[in-house]
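Note: the block below is input_15.txt and it holds compact mmCIF, C-alpha atoms.
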```
# COMPACT_ATOMS: atom_id res chain seq x y z
CA MET E 269 -75.79 20.03 -12.14
CA LYS E 270 -72.58 19.03 -13.76
CA GLU E 271 -69.50 19.04 -11.64
CA ARG E 272 -66.42 20.61 -13.00
CA ARG E 273 -63.67 18.17 -13.88
CA ARG E 274 -60.80 18.36 -11.55
CA ARG E 275 -57.60 19.49 -13.12
CA LYS E 276 -54.71 17.10 -12.75
CA LEU E 277 -51.79 18.68 -10.96
CA LEU E 278 -48.48 17.96 -12.56
CA ALA E 279 -45.73 18.50 -10.02
CA GLU E 280 -42.56 18.18 -12.02
CA PRO E 281 -39.19 18.93 -10.51
CA PRO E 282 -37.57 21.91 -12.19
CA ALA E 283 -35.29 20.78 -15.02
CA SER E 284 -32.65 23.28 -13.97
CA ALA E 285 -32.08 21.31 -10.76
CA THR E 286 -31.09 18.04 -12.46
CA GLY E 287 -27.54 19.28 -12.97
CA ASP E 288 -27.23 20.07 -9.28
CA ILE E 289 -28.69 16.70 -8.34
CA ALA E 290 -26.19 14.91 -10.58
CA PHE E 291 -23.36 17.00 -9.15
CA ASN E 292 -24.31 16.16 -5.58
CA LEU E 293 -24.60 12.47 -6.44
CA ILE E 294 -21.09 12.47 -7.93
CA VAL E 295 -19.67 14.23 -4.88
CA PHE E 296 -21.40 11.70 -2.63
CA PHE E 297 -19.95 8.69 -4.47
CA LEU E 298 -16.50 10.26 -4.70
CA VAL E 299 -16.44 10.86 -0.94
CA CYS E 300 -17.63 7.28 -0.36
CA ALA E 301 -14.82 5.93 -2.55
CA SER E 302 -12.10 8.02 -0.97
CA VAL E 303 -13.15 7.27 2.61
CA GLN E 304 -12.30 3.54 2.26
CA PRO E 305 -8.95 3.30 4.03
CA ASP E 306 -6.18 0.85 3.23
CA SER E 307 -5.64 -1.82 5.80
CA GLY E 308 -2.57 -3.86 6.43
CA ARG E 309 0.23 -4.75 8.81
CA GLU E 310 2.83 -2.44 10.22
CA GLN E 311 6.34 -3.80 10.26
CA THR E 312 9.25 -2.34 12.15
CA LEU E 313 12.57 -3.27 10.68
CA PRO E 314 15.60 -2.82 12.92
CA ARG E 315 18.09 -0.29 11.57
CA SER E 316 21.50 -1.69 10.71
CA GLU E 317 23.36 1.18 12.50
CA GLU E 318 21.88 0.14 15.84
CA GLU E 319 23.04 -3.40 15.38
CA GLU E 320 26.59 -2.30 14.68
CA LYS E 321 26.78 -0.48 18.01
CA GLN E 322 26.30 -3.67 19.97
CA GLN E 323 29.47 -5.03 21.43
CA GLN E 324 28.36 -8.61 21.73
CA PRO E 325 26.88 -9.78 18.48
CA ALA E 326 23.64 -11.65 19.06
CA GLU E 327 23.09 -15.17 17.79
CA ASN E 328 20.10 -14.48 15.60
CA ILE E 329 17.51 -16.98 14.52
CA LYS E 330 17.77 -17.57 10.79
CA VAL E 331 14.84 -18.29 8.53
CA GLN E 332 15.47 -19.11 4.92
CA LEU E 333 12.71 -19.02 2.34
CA THR E 334 12.44 -20.58 -1.06
CA ARG E 335 9.46 -20.67 -3.42
CA ASP E 336 7.64 -23.30 -1.34
CA ALA E 337 9.84 -24.29 1.58
CA VAL E 338 11.00 -22.77 4.82
CA TYR E 339 14.17 -23.52 6.77
CA LEU E 340 14.54 -22.64 10.44
CA ASN E 341 18.17 -22.39 11.50
CA GLY E 342 19.11 -24.60 8.57
CA SER E 343 16.56 -27.38 9.07
CA VAL E 344 13.67 -27.71 6.68
CA MET E 345 10.13 -27.55 8.00
CA PRO E 346 8.15 -30.43 6.47
CA PRO E 347 5.09 -28.98 4.69
CA ALA E 348 2.83 -31.71 6.14
CA ASP E 349 3.07 -30.23 9.65
CA PHE E 350 3.32 -26.59 8.60
CA PRO E 351 2.71 -24.11 10.23
CA GLY E 352 2.58 -25.99 13.56
CA ASN E 353 6.16 -27.21 13.37
CA PHE E 354 7.48 -23.79 12.37
CA ARG E 355 5.58 -22.07 15.16
CA GLN E 356 6.86 -24.62 17.69
CA GLY E 357 10.46 -24.27 16.53
CA LEU E 358 10.25 -20.49 16.64
CA ASN E 359 8.78 -20.46 20.15
CA ARG E 360 11.52 -22.80 21.32
CA ALA E 361 14.24 -20.61 19.82
CA LEU E 362 12.72 -17.35 21.07
CA SER E 363 12.24 -18.67 24.60
CA LYS E 364 16.02 -18.63 24.97
CA ALA E 365 16.17 -14.95 24.01
CA THR E 366 17.10 -12.78 26.97
CA ARG E 367 17.88 -9.50 25.21
CA GLN E 368 15.68 -7.65 22.72
CA SER E 369 18.39 -8.09 20.09
CA ASP E 370 18.15 -11.87 20.47
CA ARG E 371 14.56 -11.66 19.25
CA VAL E 372 15.71 -10.51 15.83
CA VAL E 373 14.89 -13.13 13.21
CA VAL E 374 16.93 -12.84 10.03
CA VAL E 375 14.80 -13.70 7.00
CA LYS E 376 16.75 -14.59 3.90
CA SER E 377 14.66 -15.23 0.81
CA LYS E 378 15.56 -16.79 -2.51
CA PRO E 379 14.87 -14.32 -5.35
CA GLU E 380 11.84 -16.31 -6.56
CA THR E 381 10.06 -16.32 -3.15
CA PRO E 382 6.53 -14.94 -3.64
CA TYR E 383 5.34 -12.00 -1.53
CA SER E 384 2.27 -13.89 -0.23
CA TYR E 385 4.51 -16.64 1.19
CA TRP E 386 6.90 -14.08 2.69
CA ILE E 387 3.95 -12.33 4.38
CA THR E 388 2.66 -15.63 5.83
CA ILE E 389 6.07 -16.49 7.31
CA THR E 390 6.82 -13.01 8.68
CA GLU E 391 3.36 -12.91 10.24
CA LEU E 392 4.11 -16.17 12.08
CA ILE E 393 7.44 -14.75 13.26
CA GLU E 394 5.82 -11.58 14.59
CA GLN E 395 3.06 -13.55 16.27
CA ALA E 396 5.74 -15.56 18.08
CA GLY E 397 7.33 -12.33 19.32
CA GLY E 398 10.20 -12.13 16.86
CA VAL E 399 11.47 -8.99 15.15
CA VAL E 400 11.82 -9.48 11.42
CA THR E 401 14.85 -8.24 9.57
CA ILE E 402 15.76 -9.05 6.01
CA GLN E 403 19.03 -10.19 4.61
CA ARG E 404 19.31 -9.94 0.87
CA GLU E 405 21.23 -12.46 -1.12
CA GLU E 406 24.54 -10.94 -2.07
CA GLU E 407 25.57 -11.06 -5.66
CA GLU E 408 28.46 -13.41 -5.94
CA GLU E 409 31.11 -12.77 -8.52
CA VAL E 410 32.36 -16.04 -9.89
CA ILE E 411 35.72 -15.97 -11.57
CA VAL E 412 36.05 -18.74 -14.07
CA PRO E 413 39.69 -19.84 -14.30
CA GLY E 414 41.32 -19.44 -17.68
CA THR E 415 39.22 -16.47 -18.80
CA MET Y 272 -34.13 62.43 -33.72
CA LYS Y 273 -33.18 60.69 -30.58
CA ILE Y 274 -32.69 56.98 -30.66
CA LYS Y 275 -33.18 55.18 -27.41
CA ARG Y 276 -30.52 52.68 -26.66
CA ARG Y 277 -31.71 49.39 -25.51
CA SER Y 278 -29.85 48.13 -22.51
CA SER Y 279 -28.82 44.58 -23.36
CA GLN Y 280 -28.64 42.18 -20.49
CA ALA Y 281 -26.07 39.47 -21.05
CA GLU Y 282 -26.52 36.95 -18.30
CA VAL Y 283 -24.90 33.59 -17.93
CA PRO Y 284 -27.67 31.03 -18.25
CA SER Y 285 -28.26 29.46 -14.89
CA MET Y 286 -29.11 26.18 -16.60
CA ALA Y 287 -25.44 25.78 -17.53
CA MET Y 288 -24.18 26.11 -13.97
CA GLY Y 289 -24.61 22.41 -13.27
CA ASP Y 290 -22.71 21.49 -16.43
CA ILE Y 291 -19.89 23.90 -15.56
CA ALA Y 292 -19.61 22.41 -12.09
CA PHE Y 293 -19.69 18.90 -13.53
CA ASN Y 294 -16.88 19.64 -15.98
CA LEU Y 295 -14.80 21.26 -13.27
CA LEU Y 296 -15.27 18.20 -11.12
CA ILE Y 297 -14.21 15.85 -13.94
CA PHE Y 298 -11.12 18.02 -14.50
CA PHE Y 299 -10.06 17.78 -10.85
CA VAL Y 300 -10.84 14.07 -10.67
CA ILE Y 301 -8.56 13.40 -13.66
CA LEU Y 302 -5.89 15.62 -12.10
CA ALA Y 303 -6.09 13.70 -8.83
CA ARG Y 304 -5.99 10.37 -10.67
CA ALA Y 305 -2.44 11.10 -11.81
CA GLU Y 306 -1.34 10.83 -8.15
CA ASP Y 307 -3.57 7.87 -7.48
CA ASP Y 308 -2.79 4.20 -8.04
CA SER Y 309 -6.32 2.82 -8.21
CA HIS Y 310 -5.98 2.22 -11.95
CA LEU Y 311 -2.99 -0.09 -11.48
CA HIS Y 312 -3.41 -3.86 -11.47
CA TRP Y 313 -2.36 -5.69 -8.33
CA GLU Y 314 -3.85 -8.18 -5.89
CA PRO Y 315 -2.99 -7.91 -2.19
CA ALA Y 316 -1.61 -10.84 -0.22
CA VAL Y 317 -3.73 -12.14 2.65
CA ALA Y 318 -3.05 -12.08 6.37
CA THR Y 319 -4.99 -13.03 9.49
CA GLU Y 320 -4.32 -9.90 11.54
CA ILE Y 321 -4.65 -6.57 9.81
CA THR Y 322 -5.37 -3.07 11.02
CA ALA Y 323 -6.40 0.18 9.35
CA SER Y 324 -3.26 1.85 8.08
CA GLY Y 325 -4.43 5.46 8.17
CA ALA Y 326 -3.03 8.29 6.09
CA ALA Y 327 0.34 7.94 4.40
CA ARG Y 328 2.62 10.34 2.58
CA VAL Y 329 4.05 7.71 0.30
CA ALA Y 330 2.61 4.61 -1.34
CA VAL Y 331 4.89 2.24 -3.22
CA LEU Y 332 3.17 -0.22 -5.52
CA ILE Y 333 4.51 -3.29 -7.30
CA ASP Y 334 2.01 -4.31 -9.93
CA SER Y 335 1.39 -7.72 -11.52
CA ASP Y 336 4.07 -6.95 -14.15
CA ASN Y 337 6.66 -6.24 -11.41
CA LYS Y 338 6.77 -2.53 -12.23
CA PHE Y 339 7.40 -0.02 -9.45
CA TYR Y 340 5.17 2.99 -8.79
CA VAL Y 341 5.62 5.71 -6.18
CA ASN Y 342 2.37 7.61 -5.57
CA GLY Y 343 1.08 6.40 -8.92
CA GLN Y 344 4.14 7.42 -10.93
CA GLN Y 345 6.25 4.69 -12.49
CA VAL Y 346 9.86 4.68 -11.32
CA GLY Y 347 12.87 2.45 -11.77
CA GLU Y 348 14.35 0.33 -9.00
CA SER Y 349 17.36 2.62 -8.70
CA GLN Y 350 15.13 5.69 -8.24
CA LEU Y 351 13.06 4.19 -5.40
CA ALA Y 352 15.16 5.33 -2.43
CA GLY Y 353 15.55 8.86 -3.83
CA GLU Y 354 11.82 9.23 -4.52
CA ILE Y 355 10.86 7.97 -1.06
CA ASP Y 356 13.40 10.27 0.57
CA ALA Y 357 12.15 13.28 -1.38
CA LEU Y 358 8.52 12.58 -0.48
CA LEU Y 359 9.18 11.90 3.20
CA GLY Y 360 11.38 14.97 3.54
CA ASP Y 361 11.88 16.02 7.15
CA ALA Y 362 8.57 14.62 8.33
CA PRO Y 363 8.60 13.80 12.06
CA ALA Y 364 8.31 10.27 13.41
CA GLY Y 365 4.78 9.00 13.18
CA GLU Y 366 4.19 10.89 9.94
CA ARG Y 367 6.63 8.82 7.92
CA VAL Y 368 4.24 6.04 7.00
CA VAL Y 369 5.02 4.36 3.69
CA LEU Y 370 2.44 1.95 2.30
CA LEU Y 371 3.73 -1.04 0.40
CA LYS Y 372 1.20 -2.44 -2.03
CA ALA Y 373 2.87 -5.45 -3.55
CA HIS Y 374 1.15 -7.91 -5.86
CA LYS Y 375 0.74 -11.26 -4.05
CA ASP Y 376 2.92 -13.07 -6.60
CA ALA Y 377 5.68 -10.44 -6.70
CA GLN Y 378 9.02 -12.11 -6.11
CA ALA Y 379 11.59 -11.33 -3.43
CA MET Y 380 13.97 -9.87 -6.00
CA TYR Y 381 11.37 -7.11 -6.56
CA PHE Y 382 9.83 -6.46 -3.12
CA GLU Y 383 12.97 -6.77 -0.99
CA PRO Y 384 14.70 -3.73 -2.55
CA VAL Y 385 11.55 -1.70 -1.76
CA ILE Y 386 11.53 -2.80 1.89
CA GLU Y 387 15.24 -2.03 2.08
CA ALA Y 388 14.76 1.44 0.55
CA ILE Y 389 11.91 2.27 2.96
CA SER Y 390 13.95 1.11 5.95
CA GLU Y 391 17.03 2.99 4.74
CA LYS Y 392 15.11 6.27 4.47
CA GLY Y 393 13.51 5.91 7.90
CA GLY Y 394 10.00 5.20 6.68
CA ASP Y 395 7.41 3.39 8.79
CA LEU Y 396 6.57 0.40 6.65
CA VAL Y 397 2.97 -0.76 6.36
CA HIS Y 398 2.16 -3.74 4.16
CA VAL Y 399 -1.24 -3.28 2.53
CA LEU Y 400 -2.98 -6.64 2.85
CA GLU Y 401 -6.36 -8.26 2.73
CA GLN Y 402 -8.09 -10.03 5.61
CA ARG Y 403 -7.91 -13.82 5.26
CA GLN Y 404 -11.37 -15.31 4.78
CA GLU Y 405 -11.87 -18.30 7.08
```
Would you encode the structure as C-alpha cells?
Amino acid sequence: MKERRRRKLLAEPPASATGDIAFNLIVFFLVCASVQPDSGREQTLPRSEEEEKQQQPAENIKVQLTRDAVYLNGSVMPPADFPGNFRQGLNRALSKATRQSDRVVVVKSKPETPYSYWITITELIEQAGGVVTIQREEEEEVIVPGT
Amino acid sequence: MKIKRRSSQAEVPSMAMGDIAFNLLIFFVILARAEDDSHLHWEPAVATEITASGAARVAVLIDSDNKFYVNGQQVGESQLAGEIDALLGDAPAGERVVLLKAHKDAQAMYFEPVIEAISEKGGDLVHVLEQRQE
C-alpha cells in the first residue's frame, strides 16, 4: 500500500505584522539611544555678590593659564614635573587656608587656552580642595599719543 | 421597480496601520531633533573623575567651529545669558542644571563667557566630559 505524501506545512508570519514589528524595533532603538545619559563634572562657581559682602578680602591663590603653561601665584610650573609640582604647590598654598573663602582659586586664562587644558587644571584644583572661580581678561583700551 | 441599494463598506486597510504609525514616528523624531544637539560636531574633553549628570533644562554647546547653541538652536554670544535665563525661569535650586558641552579645543575666549553667563543666571554648571582611558 502506498503511503500518502505528507504535506509540507508552511508557517509564514502574517505580512500585515511586519509593519508593527518594524515599528516596535524603531521604538526600542530610540529608547535605547535616549536612555544614554550625559556624564561630566559639576562645578560650583562662587557668586561675586557673596565675595563683596566680606569685610576682609581674602588672599586668593592665583592660577594663570596660557596655551601650554600654568603659573601658580606667578611662578611657572615646569612641564617636566607636571602635574606633580602643581599639585604640591596647590596643597601647600591651600594648607594655609583657614576660611572657606581662602580656598577660592582664581583662574585667569589667556584667550587661546584650550578647554581640555582648562578642564585638566581645574580638576587638579578641585581635587586639592580648592574652589574654582574665573577671572576674565579685561579689555584694555590703549590710547596712542598723538592720535 | 425597486432597486436595492448596496451598502458600501469603506474601511481603512489595516495593512496601512503600520505605515501610518511609522510616518507619525518619523514626524515626531524630526520635530524632537530640532531641540536636540546630537547632529552637532564636537568632541568632549577628558577627565579622570566624572559622574552621571542627570536631566537638565538647558544644554549649551560650543561646536568645533566655535559656534554657540542653546538646546540645539544657534545663538550669538550676546544672546547667551538671556536664553539661559529664559529657559531656567523660576526653577528651584537643584533643577537649574545647565550642561556645558564644549569642544575640547574651544578656546577660553569662547567658553569663559558661557561659564560666566551660567553663573550669572544662577545655573548649576555641569561640564559634559569623557572618562579618561588609562
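Between CA of Glu394 in chain E and CA of Pro346 in chain E lies a distance of 20.7 Å.
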- Message: So, with all atoms listed in the file as the atoms that count, which of Y:Asp334, Y:Asp290, Y:Asp307, Y:Asp356 lies closest to chain E?
- Response: Y:Asp290
- Message: Between CA of Ile329 in chain E and CA of Leu358 in chain E, what distance in Å does the model show, to one decimal?
- Response: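 Computed distance, CA of Ile329 in chain E to CA of Leu358 in chain E, equals 8.3 Å.
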- Just need the residues of chain E within 10 Å of chain Y, counting only C-alpha atoms, so spit them out as an MDAnalysis selection string. chainID E and resid 283:292 294:295 298 304:316 333:335 376:388 391:392 395 401:405
- Query: What is the CA of Gly398 in chain E-CA of Ala348 in chain E distance in Å, reported with one decimal?
  - Reply: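 Distance reported for this atom pair: 23.5 Å.
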Incomplete range 339-370 of chain E brought to N, CA and C atoms, written out as a PDB file, in the frame of the given file:
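After the write, result08.pdb holds the following:
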```
ATOM      1  N   TYR E 339      13.124 -22.919   5.940  1.00  0.00           N
ATOM      2  CA  TYR E 339      14.170 -23.520   6.770  1.00  0.00           C
ATOM      3  C   TYR E 339      14.313 -22.676   8.030  1.00  0.00           C
ATOM      4  N   LEU E 340      14.326 -23.349   9.180  1.00  0.00           N
ATOM      5  CA  LEU E 340      14.540 -22.640  10.440  1.00  0.00           C
ATOM      6  C   LEU E 340      15.900 -23.060  10.985  1.00  0.00           C
ATOM      7  N   ASN E 341      16.785 -22.134  11.093  1.00  0.00           N
ATOM      8  CA  ASN E 341      18.170 -22.390  11.500  1.00  0.00           C
ATOM      9  C   ASN E 341      18.787 -23.560  10.731  1.00  0.00           C
ATOM     10  N   GLY E 342      18.506 -23.603   9.455  1.00  0.00           N
ATOM     11  CA  GLY E 342      19.110 -24.600   8.570  1.00  0.00           C
ATOM     12  C   GLY E 342      18.324 -25.885   8.389  1.00  0.00           C
ATOM     13  N   SER E 343      17.328 -26.133   9.247  1.00  0.00           N
ATOM     14  CA  SER E 343      16.560 -27.380   9.070  1.00  0.00           C
ATOM     15  C   SER E 343      15.213 -27.096   8.426  1.00  0.00           C
ATOM     16  N   VAL E 344      14.904 -27.924   7.452  1.00  0.00           N
ATOM     17  CA  VAL E 344      13.670 -27.710   6.680  1.00  0.00           C
ATOM     18  C   VAL E 344      12.433 -28.074   7.510  1.00  0.00           C
ATOM     19  N   MET E 345      11.397 -27.291   7.312  1.00  0.00           N
ATOM     20  CA  MET E 345      10.130 -27.550   8.000  1.00  0.00           C
ATOM     21  C   MET E 345       9.239 -28.360   7.056  1.00  0.00           C
ATOM     22  N   PRO E 346       8.968 -29.617   7.388  1.00  0.00           N
ATOM     23  CA  PRO E 346       8.150 -30.430   6.470  1.00  0.00           C
ATOM     24  C   PRO E 346       6.767 -29.796   6.239  1.00  0.00           C
ATOM     25  N   PRO E 347       6.367 -29.671   4.979  1.00  0.00           N
ATOM     26  CA  PRO E 347       5.090 -28.980   4.690  1.00  0.00           C
ATOM     27  C   PRO E 347       3.868 -29.671   5.281  1.00  0.00           C
ATOM     28  N   ALA E 348       3.988 -30.973   5.596  1.00  0.00           N
ATOM     29  CA  ALA E 348       2.830 -31.710   6.140  1.00  0.00           C
ATOM     30  C   ALA E 348       2.403 -31.158   7.504  1.00  0.00           C
ATOM     31  N   ASP E 349       3.380 -30.728   8.290  1.00  0.00           N
ATOM     32  CA  ASP E 349       3.070 -30.230   9.650  1.00  0.00           C
ATOM     33  C   ASP E 349       3.083 -28.699   9.725  1.00  0.00           C
ATOM     34  N   PHE E 350       3.243 -28.049   8.605  1.00  0.00           N
ATOM     35  CA  PHE E 350       3.320 -26.590   8.600  1.00  0.00           C
ATOM     36  C   PHE E 350       1.922 -25.988   8.823  1.00  0.00           C
ATOM     37  N   PRO E 351       1.723 -24.941   9.571  1.00  0.00           N
ATOM     38  CA  PRO E 351       2.710 -24.110  10.230  1.00  0.00           C
ATOM     39  C   PRO E 351       3.008 -24.492  11.682  1.00  0.00           C
ATOM     40  N   GLY E 352       2.403 -25.587  12.157  1.00  0.00           N
ATOM     41  CA  GLY E 352       2.580 -25.990  13.560  1.00  0.00           C
ATOM     42  C   GLY E 352       4.033 -26.210  13.935  1.00  0.00           C
ATOM     43  N   ASN E 353       4.757 -26.918  13.072  1.00  0.00           N
ATOM     44  CA  ASN E 353       6.160 -27.210  13.370  1.00  0.00           C
ATOM     45  C   ASN E 353       7.023 -25.943  13.380  1.00  0.00           C
ATOM     46  N   PHE E 354       6.712 -25.043  12.465  1.00  0.00           N
ATOM     47  CA  PHE E 354       7.480 -23.790  12.370  1.00  0.00           C
ATOM     48  C   PHE E 354       7.225 -22.923  13.601  1.00  0.00           C
ATOM     49  N   ARG E 355       5.968 -22.856  13.993  1.00  0.00           N
ATOM     50  CA  ARG E 355       5.580 -22.070  15.160  1.00  0.00           C
ATOM     51  C   ARG E 355       6.258 -22.615  16.430  1.00  0.00           C
ATOM     52  N   GLN E 356       6.254 -23.946  16.531  1.00  0.00           N
ATOM     53  CA  GLN E 356       6.860 -24.620  17.690  1.00  0.00           C
ATOM     54  C   GLN E 356       8.365 -24.344  17.754  1.00  0.00           C
ATOM     55  N   GLY E 357       9.016 -24.500  16.618  1.00  0.00           N
ATOM     56  CA  GLY E 357      10.460 -24.270  16.530  1.00  0.00           C
ATOM     57  C   GLY E 357      10.830 -22.844  16.872  1.00  0.00           C
ATOM     58  N   LEU E 358      10.018 -21.924  16.382  1.00  0.00           N
ATOM     59  CA  LEU E 358      10.250 -20.490  16.640  1.00  0.00           C
ATOM     60  C   LEU E 358      10.110 -20.193  18.127  1.00  0.00           C
ATOM     61  N   ASN E 359       9.031 -20.697  18.723  1.00  0.00           N
ATOM     62  CA  ASN E 359       8.780 -20.460  20.150  1.00  0.00           C
ATOM     63  C   ASN E 359       9.920 -21.001  21.002  1.00  0.00           C
ATOM     64  N   ARG E 360      10.418 -22.155  20.594  1.00  0.00           N
ATOM     65  CA  ARG E 360      11.520 -22.800  21.320  1.00  0.00           C
ATOM     66  C   ARG E 360      12.768 -21.913  21.231  1.00  0.00           C
ATOM     67  N   ALA E 361      13.043 -21.430  20.031  1.00  0.00           N
ATOM     68  CA  ALA E 361      14.240 -20.610  19.820  1.00  0.00           C
ATOM     69  C   ALA E 361      14.113 -19.253  20.519  1.00  0.00           C
ATOM     70  N   LEU E 362      12.917 -18.682  20.469  1.00  0.00           N
ATOM     71  CA  LEU E 362      12.720 -17.350  21.070  1.00  0.00           C
ATOM     72  C   LEU E 362      12.644 -17.404  22.600  1.00  0.00           C
ATOM     73  N   SER E 363      12.320 -18.570  23.137  1.00  0.00           N
ATOM     74  CA  SER E 363      12.240 -18.670  24.600  1.00  0.00           C
ATOM     75  C   SER E 363      13.621 -18.511  25.239  1.00  0.00           C
ATOM     76  N   LYS E 364      14.655 -18.771  24.454  1.00  0.00           N
ATOM     77  CA  LYS E 364      16.020 -18.630  24.970  1.00  0.00           C
ATOM     78  C   LYS E 364      16.499 -17.182  24.910  1.00  0.00           C
ATOM     79  N   ALA E 365      15.748 -16.339  24.192  1.00  0.00           N
ATOM     80  CA  ALA E 365      16.170 -14.950  24.010  1.00  0.00           C
ATOM     81  C   ALA E 365      16.034 -14.163  25.305  1.00  0.00           C
ATOM     82  N   THR E 366      17.122 -13.567  25.732  1.00  0.00           N
ATOM     83  CA  THR E 366      17.100 -12.780  26.970  1.00  0.00           C
ATOM     84  C   THR E 366      17.090 -11.292  26.649  1.00  0.00           C
ATOM     85  N   ARG E 367      17.839 -10.908  25.609  1.00  0.00           N
ATOM     86  CA  ARG E 367      17.880  -9.500  25.210  1.00  0.00           C
ATOM     87  C   ARG E 367      16.923  -9.268  24.043  1.00  0.00           C
ATOM     88  N   GLN E 368      16.571  -8.009  23.831  1.00  0.00           N
ATOM     89  CA  GLN E 368      15.680  -7.650  22.720  1.00  0.00           C
ATOM     90  C   GLN E 368      16.353  -7.992  21.384  1.00  0.00           C
ATOM     91  N   SER E 369      17.682  -7.830  21.344  1.00  0.00           N
ATOM     92  CA  SER E 369      18.390  -8.090  20.090  1.00  0.00           C
ATOM     93  C   SER E 369      18.411  -9.578  19.728  1.00  0.00           C
ATOM     94  N   ASP E 370      18.195 -10.426  20.743  1.00  0.00           N
ATOM     95  CA  ASP E 370      18.150 -11.870  20.470  1.00  0.00           C
ATOM     96  C   ASP E 370      16.836 -12.269  19.790  1.00  0.00           C
TER      97      ASP E 370
END
```
